[in-house]
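Working notes, structure below.
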Amino acid sequence: MALKTFRPTSPGLRQLVLVDKSHLWKGAPVKMLVEGKTRSGGRNHHGRITMRHIGGGHKQSYRLVDFRRRKFDMPGRVERLEYDPNRTAFIALIRYDDATFAYILAPQRLAVGDQVVSGEKVDVKPGNAMPLASMPIGTIVHNVELKQGRGGQIARSAGAYVQLVGRDGGWAVLKLNSGETRRVRQECMATVGAVSNPDHANTSTGKAGRTRWQGTRPTVRSVMMNPVDHPNGGRTKGGKHWATPWGKPTKGYKTRKNKATDKYIVRPRQAKK
């Protein structure tokens, strides 16, 4: 994959940097693996905005991606790689030997015609899924389950990956990109390789309109507001810490409150290296 730049024939093209998608499928997705998608506009069931700056954007259909990979010992062949408007990573259409189709997250170095399979004893190569107990220490994985059978929840966005760094008493020890080290039951499934489209982080939208196409509305910086409108407002802040519009600190303030899963974190991401 590579990045594309454009001749500056307009102001919007001058700064535009996109990922080259020439290797992706140009047609429509498989109809039986697509369902409708409704937009909330950032509003909850009461109609109140709970997530600001959401609205508009191009119409999208949701691709049903198989995050569970429970078709054990059934080889499948990659029919094509596709763009998915609902995620930053690319997806791969798999045709299994029983003539069924499924979408999976496409890992890096997965090409059309490659064979993938999931099971307890399969080759360690990109696209294959297996329990963490079956993987050698040091393997780079993605789409990692937190609970057996629930489906992958960790490392699903473009370029993301997790490294298996150890095993201890039925637990697999994973090192995340954030620096956190976490325990997961070794029966949980994971897919070998890093997620595709690592160049997504290097793209530039080029103009405000392209951001609107993606469903993001304009954002006014808090320091540009008046003190009456925002805690960060005013040219001189008077030594006050950065805060949300509702006064909650935003820098250095710990917001994690899920004490039930603290026991699975071996080393937090805030720990000094």
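A note on labels: chains of the structure tokens are A, B, ... as shown, every chain counts residues from 1, and ligands are counted from 1 in their shown order.
The environment of Pro29 (chain A) within 8 Å, counting only C-alpha atoms and disregarding residues fewer than 3 places along the same chain, consists of Leu33, Val34, Arg63 and Glu82 of chain A.
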Kindly export the residues of the current selection with N, CA and C atoms, as an mmCIF file, in the first residue's frame.
```cif
data_model
loop_
_atom_site.group_PDB
_atom_site.id
_atom_site.type_symbol
_atom_site.label_atom_id
_atom_site.label_comp_id
_atom_site.auth_asym_id
_atom_site.auth_seq_id
_atom_site.Cartn_x
_atom_site.Cartn_y
_atom_site.Cartn_z
ATOM 1 N N LEU A 33 -24.435 -10.243 3.053
ATOM 2 C CA LEU A 33 -23.565 -9.899 4.176
ATOM 3 C C LEU A 33 -23.643 -8.411 4.509
ATOM 4 N N VAL A 34 -24.740 -7.769 4.099
ATOM 5 C CA VAL A 34 -24.920 -6.333 4.318
ATOM 6 C C VAL A 34 -26.286 -6.102 4.948
ATOM 7 N N ARG A 63 -21.423 -3.719 6.836
ATOM 8 C CA ARG A 63 -20.930 -5.034 6.446
ATOM 9 C C ARG A 63 -20.859 -5.936 7.678
ATOM 10 N N GLU A 82 -11.849 -5.601 0.198
ATOM 11 C CA GLU A 82 -12.832 -4.544 -0.005
ATOM 12 C C GLU A 82 -12.615 -3.392 0.973
#
```
Strand (DSSP E or B) call set, DSSP backbone run, region 72-202 of chain A, as a CSV table (one decimal) with C-alpha atoms, in the first residue's frame:
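Produced file part-v7.csv, reproduced below:
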```
chain,number,residue,atom,x,y,z
A,72,PHE,CA,-13.1,-24.5,12.8
A,76,GLY,CA,-11.4,-20.6,3.0
A,77,ARG,CA,-10.0,-18.7,0.1
A,78,VAL,CA,-9.7,-14.9,-0.1
A,79,GLU,CA,-12.0,-13.9,-3.0
A,80,ARG,CA,-11.2,-10.2,-2.8
A,81,LEU,CA,-10.3,-7.3,-0.5
A,82,GLU,CA,-12.8,-4.5,0.0
A,91,ILE,CA,-12.0,-6.3,4.9
A,92,ALA,CA,-11.6,-9.6,3.1
A,93,LEU,CA,-14.3,-11.7,1.5
A,94,ILE,CA,-13.7,-15.4,2.3
A,95,ARG,CA,-15.2,-18.3,0.4
A,96,TYR,CA,-15.2,-21.4,2.5
A,101,PHE,CA,-19.1,-16.5,2.3
A,102,ALA,CA,-18.0,-14.3,5.2
A,103,TYR,CA,-16.2,-11.0,5.7
A,104,ILE,CA,-13.2,-10.9,8.1
A,105,LEU,CA,-10.8,-8.1,9.0
A,107,PRO,CA,-4.5,-8.4,8.0
A,115,GLN,CA,-6.0,-19.6,2.1
A,116,VAL,CA,-7.1,-18.9,5.7
A,118,SER,CA,-9.3,-21.2,12.0
A,129,ALA,CA,-7.2,-17.7,13.7
A,130,MET,CA,-6.5,-19.9,16.7
A,131,PRO,CA,-6.6,-19.9,20.6
A,140,ILE,CA,1.8,-10.5,16.6
A,141,VAL,CA,-2.0,-10.8,16.6
A,142,HIS,CA,-5.2,-8.8,16.2
A,144,VAL,CA,-8.4,-10.7,20.2
A,145,GLU,CA,-11.2,-11.9,22.4
A,152,GLY,CA,-12.6,-10.2,19.0
A,153,GLN,CA,-12.7,-6.8,20.8
A,154,ILE,CA,-9.0,-5.7,21.0
A,162,VAL,CA,-1.1,-6.9,20.0
A,163,GLN,CA,1.9,-9.0,21.0
A,164,LEU,CA,1.7,-12.3,23.0
A,165,VAL,CA,4.5,-11.9,25.5
A,166,GLY,CA,3.9,-14.8,27.9
A,167,ARG,CA,1.6,-17.4,29.5
A,168,ASP,CA,1.0,-18.0,33.1
A,171,TRP,CA,-3.7,-16.9,31.2
A,172,ALA,CA,-2.1,-15.3,28.1
A,173,VAL,CA,-0.2,-12.1,28.7
A,174,LEU,CA,-0.7,-9.5,26.0
A,175,LYS,CA,1.2,-6.2,25.4
A,181,THR,CA,0.1,-5.3,29.6
A,182,ARG,CA,-3.1,-7.3,30.2
A,183,ARG,CA,-4.1,-10.9,31.0
A,184,VAL,CA,-6.6,-12.8,28.8
A,185,ARG,CA,-7.7,-16.4,29.1
A,189,MET,CA,-9.3,-16.7,20.0
A,190,ALA,CA,-7.0,-14.3,18.1
A,191,THR,CA,-6.0,-13.8,14.5
A,192,VAL,CA,-2.4,-13.8,13.4
A,195,VAL,CA,-4.5,-5.2,10.8
```
Please tabulate, as CSV, the residues of region 128-224 of chain A that come within 10 Å of region 54-57 of chain A, each with its closest pair of atoms and the distance in Å to one decimal, counting only C-alpha atoms and ordering rows by chain, then residue number upward.
```
residue,atom,partner,partner_atom,distance
A:Gly209,CA,A:Gly57,CA,9.9
A:Arg210,CA,A:Gly57,CA,9.1
A:Thr211,CA,A:Gly57,CA,8.4
A:Arg212,CA,A:Gly57,CA,5.8
A:Trp213,CA,A:Gly57,CA,4.2
A:Gln214,CA,A:Gly57,CA,4.9
A:Gly215,CA,A:Gly57,CA,3.8
A:Thr216,CA,A:Ile54,CA,5.0
A:Arg217,CA,A:Ile54,CA,5.5
A:Pro218,CA,A:Ile54,CA,8.8
A:Thr219,CA,A:Ile54,CA,9.9
```
Take the residues from that selection and write them out as a PDB file, in the first residue's frame, keeping N, CA and C atoms.
```pdb
ATOM      1  N   GLY A 209     -14.800  19.994   3.906  1.00  0.00           N
ATOM      2  CA  GLY A 209     -15.914  19.277   3.301  1.00  0.00           C
ATOM      3  C   GLY A 209     -15.754  17.773   3.367  1.00  0.00           C
ATOM      4  N   ARG A 210     -14.543  17.288   3.201  1.00  0.00           N
ATOM      5  CA  ARG A 210     -14.333  15.850   3.263  1.00  0.00           C
ATOM      6  C   ARG A 210     -14.620  15.315   4.667  1.00  0.00           C
ATOM      7  N   THR A 211     -14.330  16.121   5.685  1.00  0.00           N
ATOM      8  CA  THR A 211     -14.670  15.722   7.049  1.00  0.00           C
ATOM      9  C   THR A 211     -16.181  15.665   7.235  1.00  0.00           C
ATOM     10  N   ARG A 212     -16.918  16.576   6.593  1.00  0.00           N
ATOM     11  CA  ARG A 212     -18.376  16.545   6.660  1.00  0.00           C
ATOM     12  C   ARG A 212     -18.934  15.312   5.970  1.00  0.00           C
ATOM     13  N   TRP A 213     -18.304  14.876   4.886  1.00  0.00           N
ATOM     14  CA  TRP A 213     -18.742  13.653   4.200  1.00  0.00           C
ATOM     15  C   TRP A 213     -18.640  12.450   5.118  1.00  0.00           C
ATOM     16  N   GLN A 214     -17.688  12.497   6.042  1.00  0.00           N
ATOM     17  CA  GLN A 214     -17.472  11.379   6.960  1.00  0.00           C
ATOM     18  C   GLN A 214     -18.393  11.439   8.181  1.00  0.00           C
ATOM     19  N   GLY A 215     -19.250  12.453   8.252  1.00  0.00           N
ATOM     20  CA  GLY A 215     -20.221  12.523   9.336  1.00  0.00           C
ATOM     21  C   GLY A 215     -19.787  13.309  10.544  1.00  0.00           C
ATOM     22  N   THR A 216     -18.733  14.106  10.415  1.00  0.00           N
ATOM     23  CA  THR A 216     -18.249  14.912  11.536  1.00  0.00           C
ATOM     24  C   THR A 216     -18.594  16.378  11.308  1.00  0.00           C
ATOM     25  N   ARG A 217     -19.259  16.998  12.262  1.00  0.00           N
ATOM     26  CA  ARG A 217     -19.636  18.399  12.158  1.00  0.00           C
ATOM     27  C   ARG A 217     -18.524  19.279  12.736  1.00  0.00           C
ATOM     28  N   PRO A 218     -18.556  20.564  12.455  1.00  0.00           N
ATOM     29  CA  PRO A 218     -17.470  21.456  12.901  1.00  0.00           C
ATOM     30  C   PRO A 218     -17.343  21.516  14.421  1.00  0.00           C
ATOM     31  N   THR A 219     -16.117  21.719  14.868  1.00  0.00           N
ATOM     32  CA  THR A 219     -15.809  21.825  16.288  1.00  0.00           C
ATOM     33  C   THR A 219     -15.144  23.178  16.560  1.00  0.00           C
TER      34      THR A 219
END
```
Practice task
Work out how far CA of Ala158 (chain A) is from CA of Thr250 (chain A), in Å to one decimal.
Solution key: 25.9 Å
Problem - Selected residue of minimal separation from Pro198 (chain A) among A:Ala243, A:Ala155, A:Met74, A:Ala160, counting only C-alpha atoms - result: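 Closest to Pro198 (chain A) of all the choices is A:Ala160.
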Exercise for the section: Please identify all polymer residues within 8 Å of region 87-89 of chain A, counting only C-alpha atoms, omitting same-chain residues fewer than 4 positions from it, and present them as a list in words. Expected result: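 With the cut-off at 8 Å, the set is Tyr83, Leu105, Ala106, Arg156, Ser157, Ala158, Gly159, Val195, Ser196, Asn197 and His200 of chain A.
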Handout entry: Pick from A:His241, A:Asp199, A:Asp73, A:Trp246, whichever lies nearest to Asp97 (chain A) using only C-alpha atoms
Key = A:Asp73
Exercise for the section: Write out as an MDAnalysis selection string all residues of region 13-261 of chain A that DSSP puts in helix (DSSP H, G or I) for this structure's backbone. Expected result: chainID A and resid 13:14 31:33 132:134 198:202 208:213 222:224 259:261
